[in-house]
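Undergrad: Quick one: this structure, given as structure tokens, is what I'll be asking you about.
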Amino acid sequence: RNLINMGYSPDLVSMQGLGYKEFIPYFNGEITLEKAVDDIKKYTRHFAKRQLTWFRREKDVTMLNIDEFNYDRLKVLNEMLNFLKNKEII
């Protein structure tokens with residue numbers, strides 16, 4: 001809301017990102033807060049699905065499932081480093 005009040009147009013590319021464009025109708029009184037939040041959730045899921053589809057088609061992308069590492073970032077980092085070493089990238 002502050003961005004709009006500061007004069008940033010909803011038509012700007014930067015205002016078209018997830019979470020921004022869905023709130024404009026709410027700020028204008030056109031939809032409820034619940035509808036805006038539901039739209040953000042829905043469009044975020046769609047975006048994530050498109051990303052996963054894109055990554056799955058990329059032959060050089062290796063996906064790691066962070067929950068398989070108990071969300072331990074150090075374990076994930078070590079796995080990534082081992083992968084890169086085995087591929088002789090580093």
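Letters A, B, ... go to the chains of the structure tokens in the order shown; residues in each chain start at 1; ligands are counted from 1 in the same order.
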Report as a tab-separated table (two decimals) with all heavy atoms, in the first residue's frame all protein, DNA and RNA residues lying within 12 Å of segment 24-36 of chain A, evaluated on only C-alpha atoms, omitting residues in the same chain fewer than 3 positions from it.
TA:
```
chain	number	residue	atom	x	y	z
A	1	ARG	N	0.83	-1.19	0.00
A	1	ARG	CA	0.00	0.00	0.00
A	1	ARG	C	0.87	1.25	0.00
A	1	ARG	O	0.55	2.22	-0.67
A	1	ARG	CB	-0.92	-0.01	1.22
A	1	ARG	CG	-1.91	1.12	1.21
A	1	ARG	CD	-2.84	1.04	2.39
A	1	ARG	NE	-3.56	-0.20	2.35
A	1	ARG	CZ	-4.84	-0.33	2.61
A	1	ARG	NH1	-5.54	0.71	2.96
A	1	ARG	NH2	-5.43	-1.49	2.54
A	2	ASN	N	1.98	1.17	0.76
A	2	ASN	CA	2.88	2.33	0.79
A	2	ASN	C	3.46	2.62	-0.59
A	2	ASN	O	3.64	3.78	-0.94
A	2	ASN	CB	4.00	2.11	1.80
A	2	ASN	CG	3.53	2.27	3.23
A	2	ASN	OD1	2.48	2.86	3.48
A	2	ASN	ND2	4.28	1.74	4.17
A	3	LEU	N	3.78	1.59	-1.35
A	3	LEU	CA	4.32	1.81	-2.69
A	3	LEU	C	3.31	2.54	-3.57
A	3	LEU	O	3.67	3.46	-4.31
A	3	LEU	CB	4.74	0.49	-3.32
A	3	LEU	CG	5.92	-0.22	-2.67
A	3	LEU	CD1	6.11	-1.61	-3.27
A	3	LEU	CD2	7.19	0.60	-2.81
A	4	ILE	N	2.07	2.12	-3.49
A	4	ILE	CA	1.01	2.78	-4.26
A	4	ILE	C	0.87	4.23	-3.79
A	4	ILE	O	0.79	5.16	-4.60
A	4	ILE	CB	-0.33	2.04	-4.11
A	4	ILE	CG1	-0.23	0.62	-4.66
A	4	ILE	CG2	-1.47	2.81	-4.78
A	4	ILE	CD1	0.03	0.52	-6.13
A	5	ASN	N	0.87	4.42	-2.47
A	5	ASN	CA	0.75	5.78	-1.92
A	5	ASN	C	1.93	6.67	-2.30
A	5	ASN	O	1.79	7.88	-2.38
A	5	ASN	CB	0.60	5.73	-0.40
A	5	ASN	CG	-0.73	5.13	0.04
A	5	ASN	OD1	-1.67	5.08	-0.74
A	5	ASN	ND2	-0.79	4.66	1.26
A	8	TYR	N	3.94	4.71	-7.00
A	8	TYR	CA	4.33	3.62	-7.89
A	8	TYR	C	3.08	3.04	-8.54
A	8	TYR	O	2.15	2.62	-7.86
A	8	TYR	CB	5.10	2.53	-7.13
A	8	TYR	CG	6.46	2.99	-6.70
A	8	TYR	CD1	6.66	3.55	-5.44
A	8	TYR	CD2	7.55	2.87	-7.55
A	8	TYR	CE1	7.91	3.97	-5.04
A	8	TYR	CE2	8.81	3.30	-7.16
A	8	TYR	CZ	8.98	3.85	-5.91
A	8	TYR	OH	10.22	4.27	-5.53
A	9	SER	N	3.08	3.00	-9.84
A	9	SER	CA	1.91	2.56	-10.59
A	9	SER	C	1.78	1.03	-10.54
A	9	SER	O	2.78	0.33	-10.67
A	9	SER	CB	2.04	3.00	-12.05
A	9	SER	OG	1.06	2.37	-12.84
A	10	PRO	N	0.57	0.53	-10.42
A	10	PRO	CA	0.36	-0.92	-10.50
A	10	PRO	C	0.77	-1.49	-11.84
A	10	PRO	O	0.95	-2.70	-11.97
A	10	PRO	CB	-1.15	-1.07	-10.28
A	10	PRO	CG	-1.58	0.16	-9.59
A	10	PRO	CD	-0.66	1.25	-10.08
A	11	ASP	N	0.92	-0.63	-12.85
A	11	ASP	CA	1.31	-1.09	-14.19
A	11	ASP	C	2.81	-1.34	-14.34
A	11	ASP	O	3.24	-1.90	-15.34
A	11	ASP	CB	0.87	-0.07	-15.24
A	11	ASP	CG	-0.64	0.10	-15.27
A	11	ASP	OD1	-1.36	-0.88	-15.01
A	11	ASP	OD2	-1.10	1.23	-15.54
A	15	MET	N	5.73	-4.18	-10.10
A	15	MET	CA	4.50	-4.36	-9.33
A	15	MET	C	3.68	-5.55	-9.84
A	15	MET	O	2.60	-5.80	-9.34
A	15	MET	CB	3.65	-3.08	-9.38
A	15	MET	CG	4.33	-1.88	-8.75
A	15	MET	SD	4.51	-2.06	-6.97
A	15	MET	CE	2.89	-1.57	-6.45
A	16	GLN	N	4.20	-6.26	-10.82
A	16	GLN	CA	3.49	-7.40	-11.38
A	16	GLN	C	3.95	-8.72	-10.75
A	16	GLN	O	3.45	-9.79	-11.11
A	16	GLN	CB	3.69	-7.47	-12.90
A	16	GLN	CG	3.12	-6.26	-13.63
A	16	GLN	CD	1.64	-6.07	-13.37
A	16	GLN	OE1	0.86	-7.01	-13.51
A	16	GLN	NE2	1.25	-4.89	-12.95
A	17	GLY	N	4.89	-8.66	-9.83
A	17	GLY	CA	5.39	-9.87	-9.19
A	17	GLY	C	4.37	-10.48	-8.25
A	17	GLY	O	3.44	-9.81	-7.79
A	18	LEU	N	4.58	-11.76	-7.97
A	18	LEU	CA	3.69	-12.45	-7.03
A	18	LEU	C	3.64	-11.71	-5.70
A	18	LEU	O	4.67	-11.33	-5.16
A	18	LEU	CB	4.18	-13.88	-6.79
A	18	LEU	CG	3.93	-14.88	-7.91
A	18	LEU	CD1	4.64	-16.18	-7.63
A	18	LEU	CD2	2.44	-15.11	-8.08
A	19	GLY	N	2.43	-11.53	-5.21
A	19	GLY	CA	2.25	-10.89	-3.93
A	19	GLY	C	2.02	-9.39	-4.03
A	19	GLY	O	1.53	-8.78	-3.09
A	20	TYR	N	2.40	-8.81	-5.15
A	20	TYR	CA	2.14	-7.38	-5.35
A	20	TYR	C	0.83	-7.19	-6.11
A	20	TYR	O	-0.08	-6.52	-5.64
A	20	TYR	CB	3.29	-6.71	-6.13
A	20	TYR	CG	4.54	-6.55	-5.31
A	20	TYR	CD1	5.50	-7.56	-5.29
A	20	TYR	CD2	4.77	-5.41	-4.57
A	20	TYR	CE1	6.66	-7.41	-4.54
A	20	TYR	CE2	5.93	-5.25	-3.82
A	20	TYR	CZ	6.86	-6.26	-3.81
A	20	TYR	OH	8.01	-6.12	-3.07
A	21	LYS	N	0.76	-7.81	-7.29
A	21	LYS	CA	-0.40	-7.56	-8.16
A	21	LYS	C	-1.70	-8.07	-7.54
A	21	LYS	O	-2.77	-7.54	-7.81
A	21	LYS	CB	-0.19	-8.18	-9.54
A	21	LYS	CG	-0.06	-9.69	-9.54
A	21	LYS	CD	0.21	-10.22	-10.92
A	21	LYS	CE	0.48	-11.71	-10.84
A	21	LYS	NZ	0.97	-12.23	-12.07
A	39	ASP	N	-5.50	-15.95	-3.64
A	39	ASP	CA	-4.93	-15.80	-4.98
A	39	ASP	C	-3.41	-15.91	-4.95
A	39	ASP	O	-2.81	-16.55	-5.82
A	39	ASP	CB	-5.34	-14.46	-5.59
A	39	ASP	CG	-6.77	-14.44	-6.07
A	39	ASP	OD1	-7.41	-15.52	-6.13
A	39	ASP	OD2	-7.27	-13.33	-6.38
A	40	ILE	N	-2.80	-15.28	-3.96
A	40	ILE	CA	-1.33	-15.37	-3.84
A	40	ILE	C	-0.91	-16.82	-3.68
A	40	ILE	O	0.04	-17.28	-4.33
A	40	ILE	CB	-0.82	-14.50	-2.67
A	40	ILE	CG1	-1.00	-13.03	-3.00
A	40	ILE	CG2	0.65	-14.82	-2.37
A	40	ILE	CD1	-0.76	-12.10	-1.82
A	41	LYS	N	-1.59	-17.54	-2.83
A	41	LYS	CA	-1.26	-18.96	-2.61
A	41	LYS	C	-1.43	-19.76	-3.90
A	41	LYS	O	-0.57	-20.56	-4.27
A	41	LYS	CB	-2.13	-19.54	-1.51
A	41	LYS	CG	-1.80	-19.03	-0.13
A	41	LYS	CD	-2.75	-19.61	0.90
A	41	LYS	CE	-2.48	-19.09	2.28
A	41	LYS	NZ	-3.43	-19.64	3.28
A	42	LYS	N	-2.53	-19.54	-4.59
A	42	LYS	CA	-2.82	-20.28	-5.82
A	42	LYS	C	-1.78	-19.98	-6.90
A	42	LYS	O	-1.22	-20.89	-7.51
A	42	LYS	CB	-4.22	-19.93	-6.33
A	42	LYS	CG	-4.59	-20.61	-7.64
A	42	LYS	CD	-6.03	-20.33	-8.04
A	42	LYS	CE	-6.22	-18.88	-8.39
A	42	LYS	NZ	-7.57	-18.59	-8.93
A	43	TYR	N	-1.51	-18.70	-7.12
A	43	TYR	CA	-0.56	-18.33	-8.17
A	43	TYR	C	0.87	-18.74	-7.82
A	43	TYR	O	1.66	-19.05	-8.72
A	43	TYR	CB	-0.64	-16.83	-8.46
A	43	TYR	CG	-1.99	-16.40	-8.98
A	43	TYR	CD1	-2.55	-15.19	-8.58
A	43	TYR	CD2	-2.74	-17.21	-9.84
A	43	TYR	CE1	-3.79	-14.79	-9.04
A	43	TYR	CE2	-3.98	-16.82	-10.29
A	43	TYR	CZ	-4.51	-15.60	-9.90
A	43	TYR	OH	-5.74	-15.23	-10.35
```
Undergrad: Can you list, as a PyMOL selection string, all residues belonging to chain A that DSSP tags as helix (DSSP H, G or I)?
TA: chain A and resi 2-5+13-16+23-27+33-57+66-69+73-86
Undergrad: Residues of the last selection are to be written out with C-alpha atoms, as a PDB file, in the first residue's frame.
TA:
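For reference, again-v3.pdb as written:
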```pdb
ATOM      1  CA  ASN A   2       2.878   2.330   0.793  1.00  0.00           C
ATOM      2  CA  LEU A   3       4.320   1.809  -2.689  1.00  0.00           C
ATOM      3  CA  ILE A   4       1.012   2.782  -4.259  1.00  0.00           C
ATOM      4  CA  ASN A   5       0.747   5.776  -1.920  1.00  0.00           C
ATOM      5  CA  VAL A  13       6.782  -4.449 -14.156  1.00  0.00           C
ATOM      6  CA  SER A  14       8.089  -4.476 -10.595  1.00  0.00           C
ATOM      7  CA  MET A  15       4.498  -4.359  -9.325  1.00  0.00           C
ATOM      8  CA  GLN A  16       3.493  -7.405 -11.384  1.00  0.00           C
ATOM      9  CA  PHE A  23      -3.081  -6.911  -3.415  1.00  0.00           C
ATOM     10  CA  ILE A  24      -3.967  -4.064  -5.772  1.00  0.00           C
ATOM     11  CA  PRO A  25      -7.645  -5.135  -6.075  1.00  0.00           C
ATOM     12  CA  TYR A  26      -7.743  -5.527  -2.282  1.00  0.00           C
ATOM     13  CA  PHE A  27      -6.387  -2.018  -1.748  1.00  0.00           C
ATOM     14  CA  LEU A  33      -8.169  -9.792   2.097  1.00  0.00           C
ATOM     15  CA  GLU A  34      -8.981 -13.517   2.187  1.00  0.00           C
ATOM     16  CA  LYS A  35      -9.424 -13.567  -1.606  1.00  0.00           C
ATOM     17  CA  ALA A  36      -6.118 -11.724  -2.114  1.00  0.00           C
ATOM     18  CA  VAL A  37      -4.274 -14.195   0.120  1.00  0.00           C
ATOM     19  CA  ASP A  38      -5.957 -17.168  -1.576  1.00  0.00           C
ATOM     20  CA  ASP A  39      -4.932 -15.798  -4.983  1.00  0.00           C
ATOM     21  CA  ILE A  40      -1.331 -15.369  -3.839  1.00  0.00           C
ATOM     22  CA  LYS A  41      -1.255 -18.959  -2.613  1.00  0.00           C
ATOM     23  CA  LYS A  42      -2.822 -20.280  -5.822  1.00  0.00           C
ATOM     24  CA  TYR A  43      -0.558 -18.328  -8.173  1.00  0.00           C
ATOM     25  CA  THR A  44       2.512 -19.236  -6.108  1.00  0.00           C
ATOM     26  CA  ARG A  45       1.651 -22.934  -6.450  1.00  0.00           C
ATOM     27  CA  HIS A  46       1.193 -22.520 -10.207  1.00  0.00           C
ATOM     28  CA  PHE A  47       4.512 -20.689 -10.485  1.00  0.00           C
ATOM     29  CA  ALA A  48       6.327 -23.352  -8.464  1.00  0.00           C
ATOM     30  CA  LYS A  49       4.834 -26.083 -10.647  1.00  0.00           C
ATOM     31  CA  ARG A  50       6.027 -24.312 -13.807  1.00  0.00           C
ATOM     32  CA  GLN A  51       9.504 -23.980 -12.297  1.00  0.00           C
ATOM     33  CA  LEU A  52       9.655 -27.680 -11.429  1.00  0.00           C
ATOM     34  CA  THR A  53       8.472 -28.615 -14.915  1.00  0.00           C
ATOM     35  CA  TRP A  54      11.154 -26.403 -16.437  1.00  0.00           C
ATOM     36  CA  PHE A  55      13.914 -27.791 -14.202  1.00  0.00           C
ATOM     37  CA  ARG A  56      12.901 -31.395 -14.895  1.00  0.00           C
ATOM     38  CA  ARG A  57      13.362 -30.806 -18.628  1.00  0.00           C
ATOM     39  CA  ILE A  66      16.456 -30.742   1.276  1.00  0.00           C
ATOM     40  CA  ASP A  67      14.179 -32.778   3.543  1.00  0.00           C
ATOM     41  CA  GLU A  68      16.316 -35.837   2.760  1.00  0.00           C
ATOM     42  CA  PHE A  69      19.100 -34.003   4.592  1.00  0.00           C
ATOM     43  CA  ARG A  73      22.320 -26.793   5.185  1.00  0.00           C
ATOM     44  CA  LEU A  74      25.826 -28.039   5.886  1.00  0.00           C
ATOM     45  CA  LYS A  75      24.866 -31.554   4.753  1.00  0.00           C
ATOM     46  CA  VAL A  76      23.312 -30.101   1.604  1.00  0.00           C
ATOM     47  CA  LEU A  77      26.422 -28.036   0.923  1.00  0.00           C
ATOM     48  CA  ASN A  78      28.658 -31.085   1.360  1.00  0.00           C
ATOM     49  CA  GLU A  79      26.456 -33.097  -0.999  1.00  0.00           C
ATOM     50  CA  MET A  80      26.675 -30.327  -3.584  1.00  0.00           C
ATOM     51  CA  LEU A  81      30.446 -30.077  -3.242  1.00  0.00           C
ATOM     52  CA  ASN A  82      30.843 -33.852  -3.564  1.00  0.00           C
ATOM     53  CA  PHE A  83      28.665 -33.830  -6.668  1.00  0.00           C
ATOM     54  CA  LEU A  84      30.725 -31.058  -8.249  1.00  0.00           C
ATOM     55  CA  LYS A  85      33.977 -32.842  -7.403  1.00  0.00           C
ATOM     56  CA  ASN A  86      32.710 -36.129  -8.884  1.00  0.00           C
TER      57      ASN A  86
END
```
